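Have a look at the structure below, then the notes.
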Amino acid sequence: MSDETLTEEIEEEVEESIMVDESQEVEANPSSEQESKNVFDATTPLSASEYLNPPERNWVLPTFLGMFVVYFGYYWFTYLGTL
Amino acid sequence: MAEAISTVGFLLDILVLMFIVHLHRRKDDRTWVQKMGASMMCWFLICHAFMHLLQFLPEWDLPFINALLYESWGGADWVMTEKDVMGTIFEEGLWKAAILGFFATALIMPMPVVKNANYFKAGFVVLLVLFLWETYYTWGAPTSSEDYVMFWPIWSTLPSLMVLYMTYLAWNYLSSPEGAETRLESFTDRAGLFAVMGVILWCGKNWFDFMAMFSTGEMFYWDGGYENGGLYVVADLVNRFELGMMVFPLLVLSVGSIIYLKNRGSALLGGIIFTFLALGVVNHLIYGSESPDYGVVSIFVDEADFEASFSLLTHGTMQSLARPLIVLFLVIRFGMVQVGHAPKLSRAMTIMALAGAMSVVTEILQPMLGVPQLLSGFFLGALLAFEIERKIMAAMQPKEDEENPDWTLEGDTGDGLHRFVNIAIGTYLLLTLVMGYLIGYGVMLV
(Lines give C-alpha, C1' and ligand atoms only; values in the text may rest on other atoms or scores of the structure.)
Protein backbone atom coordinates (compact mmCIF):
# COMPACT_ATOMS: atom_id res chain seq x y z
CA MET A 1 0.00 0.00 0.00
CA SER A 2 1.42 3.29 -1.09
CA ASP A 3 1.59 6.35 1.10
CA GLU A 4 -0.94 8.18 -1.07
CA THR A 5 -3.45 5.34 -0.80
CA LEU A 6 -2.94 5.19 2.94
CA THR A 7 -3.46 8.95 3.25
CA GLU A 8 -6.65 8.76 1.18
CA GLU A 9 -8.00 5.95 3.37
CA ILE A 10 -7.23 7.89 6.50
CA GLU A 11 -8.91 10.99 5.10
CA GLU A 12 -11.99 8.91 4.18
CA GLU A 13 -12.14 7.45 7.71
CA VAL A 14 -11.83 10.90 9.21
CA GLU A 15 -14.63 12.20 6.94
CA GLU A 16 -16.79 9.21 7.88
CA SER A 17 -16.15 9.75 11.55
CA ILE A 18 -17.02 13.44 11.15
CA MET A 19 -20.24 12.44 9.36
CA VAL A 20 -21.08 9.97 12.13
CA ASP A 21 -20.49 12.63 14.77
CA GLU A 22 -22.68 15.08 12.89
CA SER A 23 -25.45 12.50 12.55
CA GLN A 24 -25.17 11.83 16.28
CA GLU A 25 -25.48 15.54 16.91
CA VAL A 26 -28.55 15.63 14.70
CA GLU A 27 -29.97 12.71 16.66
CA ALA A 28 -29.05 14.45 19.89
CA ASN A 29 -31.07 17.52 19.01
CA PRO A 30 -34.44 16.00 19.97
CA SER A 31 -33.06 15.04 23.38
CA SER A 32 -31.75 18.54 23.93
CA GLU A 33 -35.21 19.81 23.04
CA GLN A 34 -36.61 17.37 25.57
CA GLU A 35 -34.12 18.63 28.15
CA SER A 36 -35.10 22.22 27.51
CA LYS A 37 -38.72 21.14 27.83
CA ASN A 38 -37.91 19.47 31.13
CA VAL A 39 -36.23 22.65 32.34
CA PHE A 40 -39.40 24.54 31.45
CA ASP A 41 -41.52 21.95 33.26
CA ALA A 42 -39.32 22.23 36.33
CA THR A 43 -40.63 25.73 36.95
CA THR A 44 -44.25 24.89 36.20
CA PRO A 45 -46.18 24.10 39.39
CA LEU A 46 -47.23 20.47 39.73
CA SER A 47 -50.84 19.44 39.43
CA ALA A 48 -52.77 20.67 42.48
CA SER A 49 -54.80 17.45 42.64
CA GLU A 50 -51.62 15.33 42.83
CA TYR A 51 -50.02 17.79 45.22
CA LEU A 52 -52.94 17.64 47.62
CA ASN A 53 -53.83 14.00 47.08
CA PRO A 54 -50.67 11.99 46.27
CA PRO A 55 -51.60 9.19 43.85
CA GLU A 56 -49.29 6.65 45.52
CA ARG A 57 -50.96 7.26 48.89
CA ASN A 58 -54.60 7.64 47.96
CA TRP A 59 -55.73 6.90 51.52
CA VAL A 60 -54.46 10.24 52.88
CA LEU A 61 -57.50 12.34 51.92
CA PRO A 62 -60.18 9.76 52.90
CA THR A 63 -58.64 9.21 56.34
CA PHE A 64 -58.44 12.94 56.91
CA LEU A 65 -62.08 13.38 55.92
CA GLY A 66 -62.95 10.47 58.21
CA MET A 67 -61.29 12.18 61.18
CA PHE A 68 -63.07 15.42 60.28
CA VAL A 69 -66.48 13.73 60.20
CA VAL A 70 -65.91 11.81 63.44
CA TYR A 71 -64.63 14.86 65.30
CA PHE A 72 -67.34 17.26 64.21
CA GLY A 73 -69.99 14.57 64.49
CA TYR A 74 -69.08 14.02 68.13
CA TYR A 75 -68.84 17.75 68.64
CA TRP A 76 -72.22 18.46 67.02
CA PHE A 77 -74.21 15.80 68.83
CA THR A 78 -72.69 16.75 72.18
CA TYR A 79 -73.44 20.39 71.46
CA LEU A 80 -77.05 19.64 70.59
CA GLY A 81 -77.32 17.69 73.82
CA THR A 82 -76.34 20.77 75.84
CA LEU A 83 -78.95 23.07 74.28
CA MET B 1 -46.18 40.40 84.68
CA ALA B 2 -48.79 40.77 81.98
CA GLU B 3 -47.15 43.99 80.92
CA ALA B 4 -43.78 42.22 80.88
CA ILE B 5 -45.09 39.52 78.56
CA SER B 6 -46.66 42.06 76.27
CA THR B 7 -43.49 44.11 76.30
CA VAL B 8 -41.24 41.15 75.54
CA GLY B 9 -43.70 39.89 72.94
CA PHE B 10 -43.75 43.33 71.36
CA LEU B 11 -39.96 43.58 71.41
CA LEU B 12 -39.61 40.13 69.87
CA ASP B 13 -42.09 41.04 67.15
CA ILE B 14 -40.21 44.22 66.35
CA LEU B 15 -36.78 42.59 66.48
CA VAL B 16 -37.80 39.73 64.19
CA LEU B 17 -39.59 42.20 61.92
CA MET B 18 -36.49 44.43 61.62
CA PHE B 19 -34.34 41.37 61.07
CA ILE B 20 -36.54 40.14 58.23
CA VAL B 21 -36.91 43.58 56.66
CA HIS B 22 -33.15 44.13 56.77
CA LEU B 23 -32.43 40.85 54.98
CA HIS B 24 -35.50 41.06 52.75
CA ARG B 25 -34.22 44.27 51.17
CA ARG B 26 -30.94 42.65 50.10
CA LYS B 27 -30.63 41.58 46.49
CA ASP B 28 -30.00 37.86 46.16
CA ASP B 29 -31.15 34.78 44.29
CA ARG B 30 -34.37 34.17 46.21
CA THR B 31 -37.40 33.14 44.21
CA TRP B 32 -40.61 35.18 44.11
CA VAL B 33 -42.24 32.61 46.41
CA GLN B 34 -39.61 33.24 49.06
CA LYS B 35 -39.77 37.01 48.67
CA MET B 36 -43.55 37.04 48.91
CA GLY B 37 -43.38 34.76 51.94
CA ALA B 38 -41.01 37.21 53.64
CA SER B 39 -43.39 40.10 52.90
CA MET B 40 -46.36 38.20 54.30
CA MET B 41 -44.45 37.34 57.47
CA CYS B 42 -43.65 41.04 57.85
CA TRP B 43 -47.35 41.87 57.63
CA PHE B 44 -48.04 39.24 60.25
CA LEU B 45 -45.42 40.68 62.61
CA ILE B 46 -46.65 44.24 62.11
CA CYS B 47 -50.15 43.14 63.08
CA HIS B 48 -48.94 41.05 65.99
CA ALA B 49 -46.73 43.86 67.31
CA PHE B 50 -49.65 46.26 67.11
CA MET B 51 -51.77 43.88 69.15
CA HIS B 52 -49.16 44.03 71.93
CA LEU B 53 -48.75 47.74 71.49
CA LEU B 54 -52.42 48.37 72.12
CA GLN B 55 -52.09 46.68 75.52
CA PHE B 56 -49.61 49.13 76.98
CA LEU B 57 -49.90 52.13 74.68
CA PRO B 58 -52.26 54.03 77.03
CA GLU B 59 -49.60 53.95 79.76
CA TRP B 60 -47.50 56.31 77.67
CA ASP B 61 -50.37 58.83 77.70
CA LEU B 62 -49.82 60.14 74.19
CA PRO B 63 -52.56 62.70 73.44
CA PHE B 64 -52.80 61.99 69.71
CA ILE B 65 -52.88 58.21 70.16
CA ASN B 66 -55.40 58.51 72.98
CA ALA B 67 -57.63 60.67 70.83
CA LEU B 68 -57.28 58.37 67.84
CA LEU B 69 -57.59 54.93 69.35
CA TYR B 70 -59.00 55.25 72.85
CA GLU B 71 -61.36 58.18 73.21
CA SER B 72 -63.98 58.08 70.52
CA TRP B 73 -67.55 57.49 71.61
CA GLY B 74 -67.41 58.54 75.23
CA GLY B 75 -63.78 58.98 76.21
CA ALA B 76 -61.15 56.53 77.37
CA ASP B 77 -62.34 53.31 78.92
CA TRP B 78 -61.63 52.39 82.50
CA VAL B 79 -59.59 49.34 81.54
CA MET B 80 -56.25 50.40 80.17
CA THR B 81 -56.26 47.85 77.37
CA GLU B 82 -59.76 48.49 76.16
CA LYS B 83 -59.81 50.24 72.83
CA ASP B 84 -62.47 52.48 71.42
CA VAL B 85 -64.36 51.58 68.27
CA MET B 86 -61.79 53.03 65.92
CA GLY B 87 -58.90 51.30 67.66
CA THR B 88 -60.80 48.02 67.69
CA ILE B 89 -61.71 48.27 64.02
CA PHE B 90 -58.11 48.98 63.08
CA GLU B 91 -56.81 46.13 65.23
CA GLU B 92 -59.34 43.77 63.66
CA GLY B 93 -58.25 44.95 60.23
CA LEU B 94 -54.64 44.19 61.10
CA TRP B 95 -55.56 40.71 62.22
CA LYS B 96 -57.53 40.03 59.07
CA ALA B 97 -54.60 41.17 56.95
CA ALA B 98 -52.26 38.96 58.97
CA ILE B 99 -54.52 35.94 58.48
CA LEU B 100 -54.89 36.56 54.77
CA GLY B 101 -51.13 37.03 54.38
CA PHE B 102 -50.39 33.82 56.24
CA PHE B 103 -52.97 31.93 54.21
CA ALA B 104 -51.42 33.28 51.00
CA THR B 105 -48.01 32.03 52.17
CA ALA B 106 -49.44 28.59 52.96
CA LEU B 107 -50.85 28.46 49.42
CA ILE B 108 -47.49 29.20 47.75
CA MET B 109 -44.92 27.60 50.05
CA PRO B 110 -42.97 25.79 48.70
CA MET B 111 -45.07 25.50 45.53
CA PRO B 112 -48.03 27.67 44.48
CA VAL B 113 -51.22 25.64 44.45
CA VAL B 114 -52.97 28.27 42.33
CA LYS B 115 -51.25 28.36 38.94
CA ASN B 116 -53.01 31.41 37.57
CA ALA B 117 -51.96 34.71 39.12
CA ASN B 118 -55.24 36.34 38.08
CA TYR B 119 -57.24 33.83 40.14
CA PHE B 120 -54.97 34.54 43.08
CA LYS B 121 -55.45 38.30 42.71
CA ALA B 122 -59.22 37.98 42.30
CA GLY B 123 -59.51 35.83 45.42
CA PHE B 124 -57.39 38.28 47.37
CA VAL B 125 -59.45 41.30 46.31
CA VAL B 126 -62.77 39.56 46.97
CA LEU B 127 -61.69 38.60 50.48
CA LEU B 128 -60.42 42.09 51.28
CA VAL B 129 -63.69 43.62 50.07
CA LEU B 130 -65.61 41.11 52.17
CA PHE B 131 -63.46 42.07 55.16
CA LEU B 132 -64.40 45.72 54.66
CA TRP B 133 -68.07 44.80 54.37
CA GLU B 134 -67.76 42.73 57.53
CA THR B 135 -66.32 45.75 59.40
CA TYR B 136 -69.36 47.73 58.32
CA TYR B 137 -71.66 44.87 59.33
CA THR B 138 -70.17 44.38 62.81
CA TRP B 139 -69.63 48.05 63.74
CA GLY B 140 -71.70 50.18 61.37
CA ALA B 141 -75.37 50.83 60.72
CA PRO B 142 -76.55 47.17 60.73
CA THR B 143 -75.82 46.94 64.47
CA SER B 144 -78.76 49.23 65.21
CA SER B 145 -81.18 46.91 63.38
CA GLU B 146 -83.54 44.80 65.48
CA ASP B 147 -82.69 41.74 63.39
CA TYR B 148 -78.97 42.16 63.87
CA VAL B 149 -77.03 39.00 64.72
CA MET B 150 -73.57 39.60 66.13
CA PHE B 151 -70.91 37.41 64.49
CA TRP B 152 -67.96 37.66 62.14
CA PRO B 153 -68.88 35.64 59.05
CA ILE B 154 -65.53 36.09 57.26
CA TRP B 155 -63.12 36.66 60.12
CA SER B 156 -64.32 33.44 61.76
CA THR B 157 -64.55 31.34 58.61
CA LEU B 158 -61.35 32.24 56.76
CA PRO B 159 -58.85 31.34 59.51
CA SER B 160 -60.81 28.14 60.11
CA LEU B 161 -60.45 27.20 56.45
CA MET B 162 -56.79 28.16 56.54
CA VAL B 163 -56.23 25.94 59.56
CA LEU B 164 -58.17 23.12 57.89
CA TYR B 165 -55.98 23.39 54.80
CA MET B 166 -52.76 23.47 56.80
CA THR B 167 -53.92 20.60 58.99
CA TYR B 168 -54.43 18.48 55.89
CA LEU B 169 -50.97 19.37 54.58
CA ALA B 170 -49.56 18.46 57.99
CA TRP B 171 -51.42 15.12 57.92
CA ASN B 172 -50.11 14.42 54.43
CA TYR B 173 -46.56 15.09 55.65
CA LEU B 174 -46.72 13.24 58.96
CA SER B 175 -48.21 10.12 57.42
CA SER B 176 -45.64 9.91 54.60
CA PRO B 177 -42.67 7.55 54.73
CA GLU B 178 -39.19 8.82 55.52
CA GLY B 179 -37.11 10.21 52.70
CA ALA B 180 -38.89 11.83 49.79
CA GLU B 181 -38.44 9.48 46.85
CA THR B 182 -40.16 11.64 44.28
CA ARG B 183 -40.15 15.32 43.42
CA LEU B 184 -43.78 15.54 44.48
CA GLU B 185 -43.03 14.10 47.92
CA SER B 186 -40.17 16.51 48.51
CA PHE B 187 -42.52 19.44 47.96
CA THR B 188 -45.40 18.00 49.99
CA ASP B 189 -42.99 17.26 52.85
CA ARG B 190 -41.84 20.87 52.95
CA ALA B 191 -45.40 22.13 52.65
CA GLY B 192 -46.27 19.85 55.57
CA LEU B 193 -43.45 21.21 57.71
CA PHE B 194 -44.66 24.75 57.06
CA ALA B 195 -48.20 23.63 57.86
CA VAL B 196 -47.25 21.95 61.16
CA MET B 197 -45.55 25.13 62.36
CA GLY B 198 -48.40 27.27 61.05
CA VAL B 199 -51.03 25.20 62.84
CA ILE B 200 -49.10 25.42 66.12
CA LEU B 201 -48.71 29.17 65.61
CA TRP B 202 -52.42 29.80 65.09
CA CYS B 203 -54.03 27.15 67.30
CA GLY B 204 -51.43 26.22 69.93
CA LYS B 205 -52.68 28.70 72.51
CA ASN B 206 -56.13 27.09 72.47
CA TRP B 207 -54.95 23.52 72.94
CA PHE B 208 -54.58 23.91 76.67
CA ASP B 209 -58.37 24.04 76.79
CA PHE B 210 -58.63 20.71 75.00
CA MET B 211 -59.76 18.84 78.09
CA ALA B 212 -62.93 20.93 78.16
CA MET B 213 -63.98 18.99 75.07
CA PHE B 214 -64.90 16.08 77.29
CA SER B 215 -67.23 18.05 79.48
CA THR B 216 -69.65 20.88 78.95
CA GLY B 217 -67.03 23.61 78.91
CA GLU B 218 -68.40 26.95 77.83
CA MET B 219 -65.68 27.36 75.25
CA PHE B 220 -67.17 24.64 73.11
CA TYR B 221 -70.74 24.32 74.24
CA TRP B 222 -71.75 27.91 74.65
CA ASP B 223 -75.48 28.21 74.18
CA GLY B 224 -75.72 30.36 71.09
CA GLY B 225 -78.78 31.48 69.21
CA TYR B 226 -79.30 28.22 67.33
CA GLU B 227 -82.90 27.80 68.48
CA ASN B 228 -83.88 31.27 67.25
CA GLY B 229 -83.58 30.16 63.62
CA GLY B 230 -82.71 32.27 60.57
CA LEU B 231 -79.37 34.02 60.61
CA TYR B 232 -78.79 32.81 64.15
CA VAL B 233 -78.34 29.30 62.78
CA VAL B 234 -75.73 30.52 60.31
CA ALA B 235 -73.95 32.46 63.05
CA ASP B 236 -74.01 29.44 65.32
CA LEU B 237 -72.64 27.14 62.63
CA VAL B 238 -69.85 29.59 61.84
CA ASN B 239 -68.96 29.97 65.51
CA ARG B 240 -69.10 26.20 66.16
CA PHE B 241 -66.91 25.57 63.14
CA GLU B 242 -64.41 28.19 64.28
CA LEU B 243 -64.18 26.82 67.81
CA GLY B 244 -64.07 23.23 66.61
CA MET B 245 -61.25 24.03 64.20
CA MET B 246 -59.13 25.38 67.05
CA VAL B 247 -58.83 21.87 68.44
CA PHE B 248 -59.29 19.61 65.42
CA PRO B 249 -55.62 20.07 64.38
CA LEU B 250 -54.56 18.73 67.78
CA LEU B 251 -56.44 15.49 67.09
CA VAL B 252 -54.88 15.16 63.64
CA LEU B 253 -51.39 16.03 64.84
CA SER B 254 -51.71 13.57 67.73
CA VAL B 255 -52.48 10.70 65.36
CA GLY B 256 -49.95 12.01 62.85
CA SER B 257 -47.17 12.25 65.43
CA ILE B 258 -47.60 8.54 66.24
CA ILE B 259 -47.31 7.63 62.56
CA TYR B 260 -44.39 10.03 62.26
CA LEU B 261 -42.67 8.33 65.19
CA LYS B 262 -43.27 4.92 63.60
CA ASN B 263 -42.10 5.95 60.12
CA ARG B 264 -39.24 8.26 60.93
CA GLY B 265 -38.36 7.48 64.52
CA SER B 266 -38.70 11.11 65.61
CA ALA B 267 -40.46 11.75 68.90
CA LEU B 268 -40.07 15.54 68.77
CA LEU B 269 -43.54 16.38 67.51
CA GLY B 270 -45.10 13.68 69.69
CA GLY B 271 -43.32 15.16 72.70
CA ILE B 272 -44.64 18.62 71.92
CA ILE B 273 -48.17 17.28 71.50
CA PHE B 274 -47.87 15.33 74.76
CA THR B 275 -46.74 18.52 76.52
CA PHE B 276 -49.80 20.33 75.21
CA LEU B 277 -52.04 17.53 76.47
CA ALA B 278 -50.33 17.31 79.87
CA LEU B 279 -50.63 21.06 80.40
CA GLY B 280 -54.22 20.78 79.21
CA VAL B 281 -54.90 18.27 81.99
CA VAL B 282 -53.43 20.66 84.57
CA ASN B 283 -55.46 23.47 83.04
CA HIS B 284 -58.57 21.32 83.39
CA LEU B 285 -57.75 20.55 87.02
CA ILE B 286 -57.40 24.25 87.75
CA TYR B 287 -60.34 25.64 85.85
CA GLY B 288 -62.63 22.61 85.60
CA SER B 289 -64.73 22.54 82.52
CA GLU B 290 -64.64 26.29 82.06
CA SER B 291 -62.07 28.17 80.07
CA PRO B 292 -60.31 30.95 81.95
CA ASP B 293 -61.01 34.45 80.81
CA TYR B 294 -57.60 35.10 79.31
CA GLY B 295 -58.38 38.74 78.72
CA VAL B 296 -59.00 39.31 82.41
CA VAL B 297 -56.12 37.06 83.44
CA SER B 298 -53.66 38.98 81.29
CA ILE B 299 -54.75 42.31 82.73
CA PHE B 300 -55.41 41.66 86.40
CA VAL B 301 -52.91 38.95 87.05
CA ASP B 302 -51.67 38.53 90.58
CA GLU B 303 -48.00 37.63 90.50
CA ALA B 304 -48.41 35.36 93.52
CA ASP B 305 -51.36 33.58 91.97
CA PHE B 306 -50.55 30.11 90.66
CA GLU B 307 -53.64 29.89 88.44
CA ALA B 308 -53.04 33.20 86.75
CA SER B 309 -49.38 32.40 86.27
CA PHE B 310 -50.26 29.04 84.76
CA SER B 311 -52.62 30.66 82.28
CA LEU B 312 -49.87 33.01 81.21
CA LEU B 313 -47.35 30.18 80.98
CA THR B 314 -49.59 28.28 78.58
CA HIS B 315 -51.89 30.59 76.68
CA GLY B 316 -49.85 33.76 77.16
CA THR B 317 -46.48 32.45 76.10
CA MET B 318 -47.91 30.65 73.09
CA GLN B 319 -49.56 33.84 71.95
CA SER B 320 -46.83 36.34 72.78
CA LEU B 321 -43.53 34.50 72.55
CA ALA B 322 -43.97 31.41 70.42
CA ARG B 323 -45.48 33.22 67.44
CA PRO B 324 -42.56 35.54 66.55
CA LEU B 325 -40.13 32.68 67.19
CA ILE B 326 -42.07 30.37 64.87
CA VAL B 327 -42.07 33.09 62.22
CA LEU B 328 -38.31 33.45 62.68
CA PHE B 329 -37.92 29.71 62.11
CA LEU B 330 -40.14 29.74 59.03
CA VAL B 331 -38.39 32.62 57.28
CA ILE B 332 -34.98 31.04 57.75
CA ARG B 333 -35.95 27.41 57.12
CA PHE B 334 -37.77 28.20 53.89
CA GLY B 335 -35.13 30.61 52.62
CA MET B 336 -37.45 33.63 52.74
CA VAL B 337 -34.38 35.55 53.89
CA GLN B 338 -30.75 34.59 53.57
CA VAL B 339 -28.89 34.94 56.83
CA GLY B 340 -25.56 34.78 55.00
CA HIS B 341 -25.90 38.50 54.30
CA ALA B 342 -25.47 39.32 57.99
CA PRO B 343 -24.09 36.42 60.05
CA LYS B 344 -23.36 38.56 63.12
CA LEU B 345 -26.83 40.06 63.08
CA SER B 346 -28.33 36.59 62.67
CA ARG B 347 -26.41 35.33 65.68
CA ALA B 348 -27.48 38.34 67.71
CA MET B 349 -31.08 37.77 66.65
CA THR B 350 -30.99 34.17 67.84
CA ILE B 351 -29.45 35.13 71.18
CA MET B 352 -31.97 37.92 71.77
CA ALA B 353 -34.87 35.66 70.89
CA LEU B 354 -33.71 32.93 73.25
CA ALA B 355 -32.89 35.41 76.03
CA GLY B 356 -36.29 37.08 75.76
CA ALA B 357 -38.14 33.79 75.79
CA MET B 358 -36.16 32.44 78.77
CA SER B 359 -36.58 35.57 80.83
CA VAL B 360 -40.36 35.51 80.43
CA VAL B 361 -40.68 31.80 81.13
CA THR B 362 -38.59 32.08 84.30
CA GLU B 363 -40.58 35.12 85.36
CA ILE B 364 -43.81 33.17 85.01
CA LEU B 365 -42.34 30.16 86.79
CA GLN B 366 -41.25 32.33 89.69
CA PRO B 367 -44.59 32.40 91.55
CA MET B 368 -45.44 28.83 90.53
CA LEU B 369 -42.28 26.99 91.48
CA GLY B 370 -40.32 29.55 93.43
CA VAL B 371 -37.75 29.72 90.66
CA PRO B 372 -36.13 33.17 90.63
CA GLN B 373 -36.20 34.83 87.23
CA LEU B 374 -32.54 35.71 87.71
CA LEU B 375 -31.86 32.14 86.64
CA SER B 376 -32.48 33.23 83.08
CA GLY B 377 -29.09 34.95 83.20
CA PHE B 378 -27.40 31.65 84.02
CA PHE B 379 -29.31 29.90 81.26
CA LEU B 380 -28.19 32.57 78.82
CA GLY B 381 -24.60 32.17 79.97
CA ALA B 382 -24.76 28.41 79.36
CA LEU B 383 -26.25 29.04 75.94
CA LEU B 384 -23.40 31.34 74.96
CA ALA B 385 -20.73 29.12 76.50
CA PHE B 386 -21.74 26.14 74.40
CA GLU B 387 -22.54 28.28 71.33
CA ILE B 388 -25.95 26.71 71.15
CA GLU B 389 -27.23 29.67 69.17
CA ARG B 390 -24.92 28.76 66.26
CA LYS B 391 -26.24 25.19 66.24
CA ILE B 392 -29.82 26.44 66.28
CA MET B 393 -29.16 28.80 63.38
CA ALA B 394 -27.37 26.07 61.41
CA ALA B 395 -30.23 23.62 62.02
CA MET B 396 -32.76 26.14 60.73
CA GLN B 397 -31.01 26.65 57.38
CA PRO B 398 -32.62 25.25 54.21
CA LYS B 399 -31.29 21.84 53.18
CA GLU B 400 -28.69 22.05 50.39
CA ASP B 401 -30.27 19.36 48.19
CA GLU B 402 -33.72 20.91 48.22
CA GLU B 403 -35.10 21.94 44.86
CA ASN B 404 -36.05 25.59 44.78
CA PRO B 405 -37.53 26.50 41.38
CA ASP B 406 -38.62 29.99 40.46
CA TRP B 407 -42.18 28.95 39.66
CA THR B 408 -43.87 30.33 36.59
CA LEU B 409 -47.44 31.55 36.76
CA GLU B 410 -50.09 32.16 34.15
CA GLY B 411 -51.40 35.68 33.78
CA ASP B 412 -48.55 37.50 35.53
CA THR B 413 -45.07 37.04 36.90
CA GLY B 414 -44.48 35.98 40.48
CA ASP B 415 -42.92 39.35 41.26
CA GLY B 416 -45.98 41.06 39.80
CA LEU B 417 -48.24 39.01 42.04
CA HIS B 418 -46.02 39.79 45.04
CA ARG B 419 -46.25 43.52 44.33
CA PHE B 420 -50.01 43.34 43.84
CA VAL B 421 -50.59 41.53 47.14
CA ASN B 422 -48.48 44.04 49.08
CA ILE B 423 -50.31 47.00 47.55
CA ALA B 424 -53.67 45.33 48.19
CA ILE B 425 -52.92 44.75 51.88
CA GLY B 426 -51.58 48.29 52.35
CA THR B 427 -54.64 49.77 50.65
CA TYR B 428 -56.95 47.60 52.72
CA LEU B 429 -55.36 48.73 56.00
CA LEU B 430 -55.62 52.36 54.95
CA LEU B 431 -59.29 51.92 54.08
CA THR B 432 -59.86 50.15 57.39
CA LEU B 433 -58.34 53.07 59.27
CA VAL B 434 -60.58 55.51 57.38
CA MET B 435 -63.63 53.33 57.98
CA GLY B 436 -62.69 53.09 61.66
CA TYR B 437 -62.61 56.87 61.88
CA LEU B 438 -65.93 57.28 60.05
CA ILE B 439 -67.71 54.71 62.20
CA GLY B 440 -65.84 55.37 65.46
CA TYR B 441 -66.59 59.08 65.39
CA GLY B 442 -70.07 58.65 63.95
CA VAL B 443 -69.29 60.57 60.76
CA MET B 444 -70.75 58.03 58.32
CA LEU B 445 -71.93 54.44 57.98
CA VAL B 446 -73.55 54.43 61.42
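The way I read the labels, and the way they are meant: chains A, B, ... in the order of the C-alpha coordinates, residue 1 as the first residue of every chain, and ligand 1 as the first ligand shown, with later ones counted on from there.
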Within 8 Å of chain A: each chain B residue with its shortest pair, only C-alpha atoms, as JSON lines:
{"residue": "B:Met111", "atom": "CA", "partner": "A:Pro45", "partner_atom": "CA", "distance": 6.4}
{"residue": "B:Pro112", "atom": "CA", "partner": "A:Pro45", "partner_atom": "CA", "distance": 6.5}
{"residue": "B:Val113", "atom": "CA", "partner": "A:Ala48", "partner_atom": "CA", "distance": 5.6}
{"residue": "B:Val114", "atom": "CA", "partner": "A:Ala48", "partner_atom": "CA", "distance": 7.6}
{"residue": "B:Lys115", "atom": "CA", "partner": "A:Pro45", "partner_atom": "CA", "distance": 6.6}
{"residue": "B:Tyr168", "atom": "CA", "partner": "A:Phe64", "partner_atom": "CA", "distance": 6.9}
{"residue": "B:Leu169", "atom": "CA", "partner": "A:Leu52", "partner_atom": "CA", "distance": 7.4}
{"residue": "B:Trp171", "atom": "CA", "partner": "A:Phe64", "partner_atom": "CA", "distance": 7.4}
{"residue": "B:Asn172", "atom": "CA", "partner": "A:Val60", "partner_atom": "CA", "distance": 6.2}
{"residue": "B:Ser175", "atom": "CA", "partner": "A:Val60", "partner_atom": "CA", "distance": 7.7}
{"residue": "B:Leu184", "atom": "CA", "partner": "A:Tyr51", "partner_atom": "CA", "distance": 6.7}
{"residue": "B:Thr188", "atom": "CA", "partner": "A:Tyr51", "partner_atom": "CA", "distance": 6.6}
{"residue": "B:Thr216", "atom": "CA", "partner": "A:Thr82", "partner_atom": "CA", "distance": 7.4}
{"residue": "B:Phe220", "atom": "CA", "partner": "A:Tyr79", "partner_atom": "CA", "distance": 7.8}
{"residue": "B:Tyr221", "atom": "CA", "partner": "A:Tyr79", "partner_atom": "CA", "distance": 5.5}
{"residue": "B:Asp223", "atom": "CA", "partner": "A:Leu83", "partner_atom": "CA", "distance": 6.2}
{"residue": "B:Gly244", "atom": "CA", "partner": "A:Phe72", "partner_atom": "CA", "distance": 7.2}
{"residue": "B:Phe248", "atom": "CA", "partner": "A:Tyr71", "partner_atom": "CA", "distance": 7.1}
{"residue": "B:Val252", "atom": "CA", "partner": "A:Met67", "partner_atom": "CA", "distance": 7.5}
{"residue": "B:Pro405", "atom": "CA", "partner": "A:Thr43", "partner_atom": "CA", "distance": 5.5}
{"residue": "B:Asp406", "atom": "CA", "partner": "A:Thr43", "partner_atom": "CA", "distance": 5.9}
{"residue": "B:Trp407", "atom": "CA", "partner": "A:Thr43", "partner_atom": "CA", "distance": 4.5}
{"residue": "B:Thr408", "atom": "CA", "partner": "A:Thr44", "partner_atom": "CA", "distance": 5.5}
{"residue": "B:Leu409", "atom": "CA", "partner": "A:Thr44", "partner_atom": "CA", "distance": 7.4}
Open item on the list: Can you measure atom CA of Asp147 of chain B to atom CA of Asn228 of chain B for me? One decimal in Å is fine.
Closed with: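 Straight-line distance from atom CA of Asp147 of chain B to atom CA of Asn228 of chain B works out to 11.2 Å.
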Task: Minimum-distance residue to Phe420 of chain B, chosen among B:Leu269, B:Val434, B:Ile286, B:Ala117 (using only C-alpha atoms) - done: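 Closest to Phe420 of chain B, using only C-alpha atoms: B:Ala117.
What separates atom CA of Leu330 of chain B from atom CA of Ala385 of chain B is a distance of 26.1 Å.
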